[in-house]
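Peer 1: Below is the structure I would like to discuss, written out as structure tokens.
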Amino acid sequence: MSYDFNTIEAKWQTYWADKGTFKAENYSNKPKYYVLDMFPYPSGAGLHVGHPLGYIASDIYARYKRHKGFNVLHPQGYDSFGLPAEQYAIQTGQHPAITTKENIARYREQLDRIGFSFDWSREVKTSDPTFYKWTQWIFTELFNSWYDKDADKARAISELEKLFSEEGNTKVKAVCDEEVTLFTAEAWNGFSSKEKQEIVLKYRLTYLAETEVNWCPQLGTVLANDEIVNGVSERGGYPVIRKKMTQWSMRISAYAQRLLDGLHTIDWPQPLKDSQTNWIGRSEGASVTFRVKDHNEVIEVFTTRPDTIFGVSFMTLAPEHELVAKITTPEQKAAVDEYIEATAKRSERDRMADVKTISGVFTGAYAEHPFTKEPVPIWIGDYVLAGYGTGAVMAVPCGDQRDYDFAKHFGIEIPNIFEGVDISQEAFADKEKTVIANSDFLNGLNYKKAVKTAIYELEKLGQGEGKINYRLRDAVFSRQRYWGEPFPVYYVDGMPQMIDLKHLPIELPEVEKYLPTETGEPPLGRADVWAWDTEKNEVVPNSLINYTTIFPLELNTMPGWAGSSYYFNRYMDPNNEDEIFSQEAINYWKEVDLYIGGSEHATGHLLYARFWQKFLFDKGIVPVDEFAKKLINQGMILGTSAIVYRISGTNKYVSKGLKDQYDAEELRVDVSLVNFSDELDLNGLKNWQPQFKDAEFELENGKYIVGREVEKMSKRWYNVVNPDGVCDQYGADSLRLYEMFLGPLEQAKPWNTAGITGVHGFLKKLWKLYHNGEEFVVGETAPTKDNLKTLHKTIKKVEEDIESFSFNTSVSTFMIAVNELTAQKCNSKVILEPLLVLISPYAPHIAEELWNKLGHTTSISTTAFPVFDESYLVESTKQYPISFNGKMRFTMELSLDLSKDDIEAAVMAHEKTQQQLAGRTPKKIIVVPGKIVNIVG
RNA sequence: GCUCAAGUGGCGGAAUUGGUAGACGCGCUGGAUUCAAAAUCCAGUUCUUUCGAGAGUGUGGGUUCGAUUCCCACCUUGAGUACCA
């Protein structure tokens, strides 16, 4: 019987599903292990061969851990809210839920064919009301919490209100909005309910605020900072402008320091940690207050170099800074207004593209230096960003290149406050070599001491303090979209009210169209049944709104990252209707042990998920404050596009080798039209698209050879390879082996279908080893020394490979093992059984089939991983006493079957040996023919 | 500019407490089988060579008996990030 992979694979996939082989129990005597993939967004295009790469790796690890005696949780689900389904709905009118359902069915079919060991009984979908009930609940929990800086954790709002009523807000150290005014307990108790709500809102971990947001007119929605790339939207590449809107925000900035600290406790890739560190952007320094002369105003600046305070020769405000209008003198007003208008016109993108141009204008006003009391001119300039720090800087031209360039350009004085440094050409920014001069009490001090002293003196004056600044901004949480989680929020007198857990989920209402309304409201503004009855506690028609018992509901929906910020915990107890998950379940599984997914989520999903986990930890809902111990970024699988060359203005195509003789343009054609040797199927091309119907070709050696380009797999390049096709032709086991064999997991690598014959050949050889024609044959004789050596070599290597996630080299190891056993004519059951266990994580179907043929009635996945025995590898080593030059004696360890004479001759013949051994008495020399390999001692 | 990662045959890539560089696969060459092709099997395949050997892991140095591996400088490529005060 030949290796009929299609039948075998279908058979075992059905078996696993029927028997529930991979169903995980929440209680076990075995140690637990949680292997997770980043769940997919089910797009209409289906899976291409790049998608399963990470899933195959995690599946291998999950299956390996089962062999190692772990109770393994390996679930899968869908991140099923999102833009593509909504945009399809806008175009076709089809409900996104239908599109999503179809796409999920297609994904499931494709995933099932690859033979993953997912526990599908735990499947979650973020767009499923039974799931987003808990997304809504977490939102209300965040709303009902504030961040206490003293306790360094989130606490209940009720406790904050109690503090306010007892002592006002003067002593409370909380993370809150900047413009909070101080009040006493008496004042608090005298406030109206609405005033109280307005104040508390400034403290909540999710809050409503008038914020300047990134508005994308084409998409009709706001975008988070990480959804913008180079000033245009990540999706679609549309321009983004700044606009003020009332939006929900998440106070992630409260967790900035803990998000930073937590990175040291988790085993994640360094580049990913670096980009999170960068995104959080902690910088240590001081805030300094400058009085504005002739005005009752102060300018607060943040600086990382308080030691250079005596080098300040001007100040710069961002053009958007609120003080600009107040302090500009009448003489300068025209110039300032003109400059502000010019800046506003320039898009974010232009501003970034053109960093070199120095621009700015003097306001006419002066500030007072805190120590010297000298006047400091106040300028505005667009090199100062309104969104960072306080939007104002104290300019020290001798110590900062941008300040230096600005001062040079406008002829502002550049005082030198560094000892022994020439600043005639450029600023001096080397902290290590800094010695301060011309600076009163800071003279002669180095950087560290000067910083300390300056802050101390500023504090004495009451004009500054040490401060840590973070780049991390609060995350906008509202989207003007239909296909997302609705907020469990209604409004009474303009103030948001949360709907209690017992009435959740608040399900998405039906709408006629999925576009924003004519008045610019989000799509939910089109819903007719979208009001909240506070007596019946249910959603009722808008027509009933009376503002006494029935109120309007929130029209925004949540962003894509809401559901993905905690789904990994929900898998632990996914069908629980009463709780997000039981405490028993979360305390058993605790956290993800291994998380595999793409690096593109570094500053989005992976940061928000850590934030929510820390919040849930503060609330005592989860037992650990980092959700994933280890994370691996799998690399992308790239496509290999095929290119034909058309002579410009004609319908003639020339083969790759001839293209330089013509003025030819490049066209991409479907990769399935090209064989392994880059030869194009001419008739296939003619039938592929009408434009090629009458194509003429100029061939080389009778063939049309295409050009190749490695680039991202995408429909528009016609380079997508579908896993179903690979499974049809070679089988899922070949696909799995080949995806691993392609190269290291973390690296980006091009797909090349030609190479798959290699791993497919291996499976055929493995099959042949057990079969004599149609008959299944297994040897009952005892294994030889060589057989055992091959086996244990393989056990050792495969175990090391899996533990270090070097799945690519394991495939080679299997090939070597099967080649050796074939050469040894070994089909001994004693060898083959453990070998199958080794192979089963990679190629589970064939392993299961042969395991079954060996007479086992249980799944191979329940079998223990074979134990490595070193004695089979070192047995052939012998030790010989050797004399050298008639003086020294040492021992030789021979790992090859060579005679003593051979070795001695080899050592003597080797010229370098005498130098190497001069004056040394080695204990042991490892030798191979002609060379000394290792001298020990 | 800054940060990080990586440079090994025609190609993907092996090789870690520093010890036979190029495993394994693709491709290519030759052979067997076949009327022929596909499939399969066997042998060869870093470069140079006067067939003795010599050179060789981006470049130049260093440490070592010995370096793809460790150290220094440089070059190249990729990724991320950027007027962050």
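By convention here, the chains of the structure tokens are called A, B, ... in the order presented, each chain's residues are numbered starting at 1, and ligands are numbered starting at 1 in the order presented.
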Find the spatial neighbours of A73 in chain B, counting only C-alpha atoms (C1' of nucleotides), within a cut-off of 12 Å - ignore same-chain residues fewer than 5 positions away - and output them as a ChimeraX atom specification.
Peer 2: /B:59-62
Peer 1: Return as a tab-separated table the residues of chain B lying at most 6 Å from chain A, together with the closest atom-to-atom pair for each and the distance in Å to one decimal, counting only C-alpha atoms (C1' of nucleotides), with rows in chain order and ascending residue number.
Peer 2:
residue	atom	partner	partner_atom	distance
B:C4	C1'	A:Pro271	CA	5.8
B:G19	C1'	A:Val933	CA	4.8
B:C24	C1'	A:Ser812	CA	4.5
B:G25	C1'	A:Gly758	CA	5.8
B:C26	C1'	A:Gly755	CA	5.2
B:C65	C1'	A:Gln916	CA	4.0
B:C83	C1'	A:Tyr383	CA	5.0
B:A85	C1'	A:Thr303	CA	5.6
Peer 1: For Val180 in chain A, which residue out of A:Ala407, A:Ser648, A:Phe164, A:Ile199 is the nearest one, using only C-alpha atoms?
Peer 2: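 Using only C-alpha atoms, the shortest distance to Val180 in chain A belongs to A:Ile199.
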Peer 1: Report the distance between CA of Asp59 in chain A and CA of Phe116 in chain A in Å, rounded to one decimal place.
Peer 2: 6.2 Å
Peer 1: Please report, as a PyMOL selection string, each residue of range 373-502 of chain A to which DSSP assigns strand (DSSP E or B) when run on this structure's backbone.
Peer 2: chain A and resi 375-380+392-395+418+435-436+446+464-469+475-476+479+486+489-492+495-498
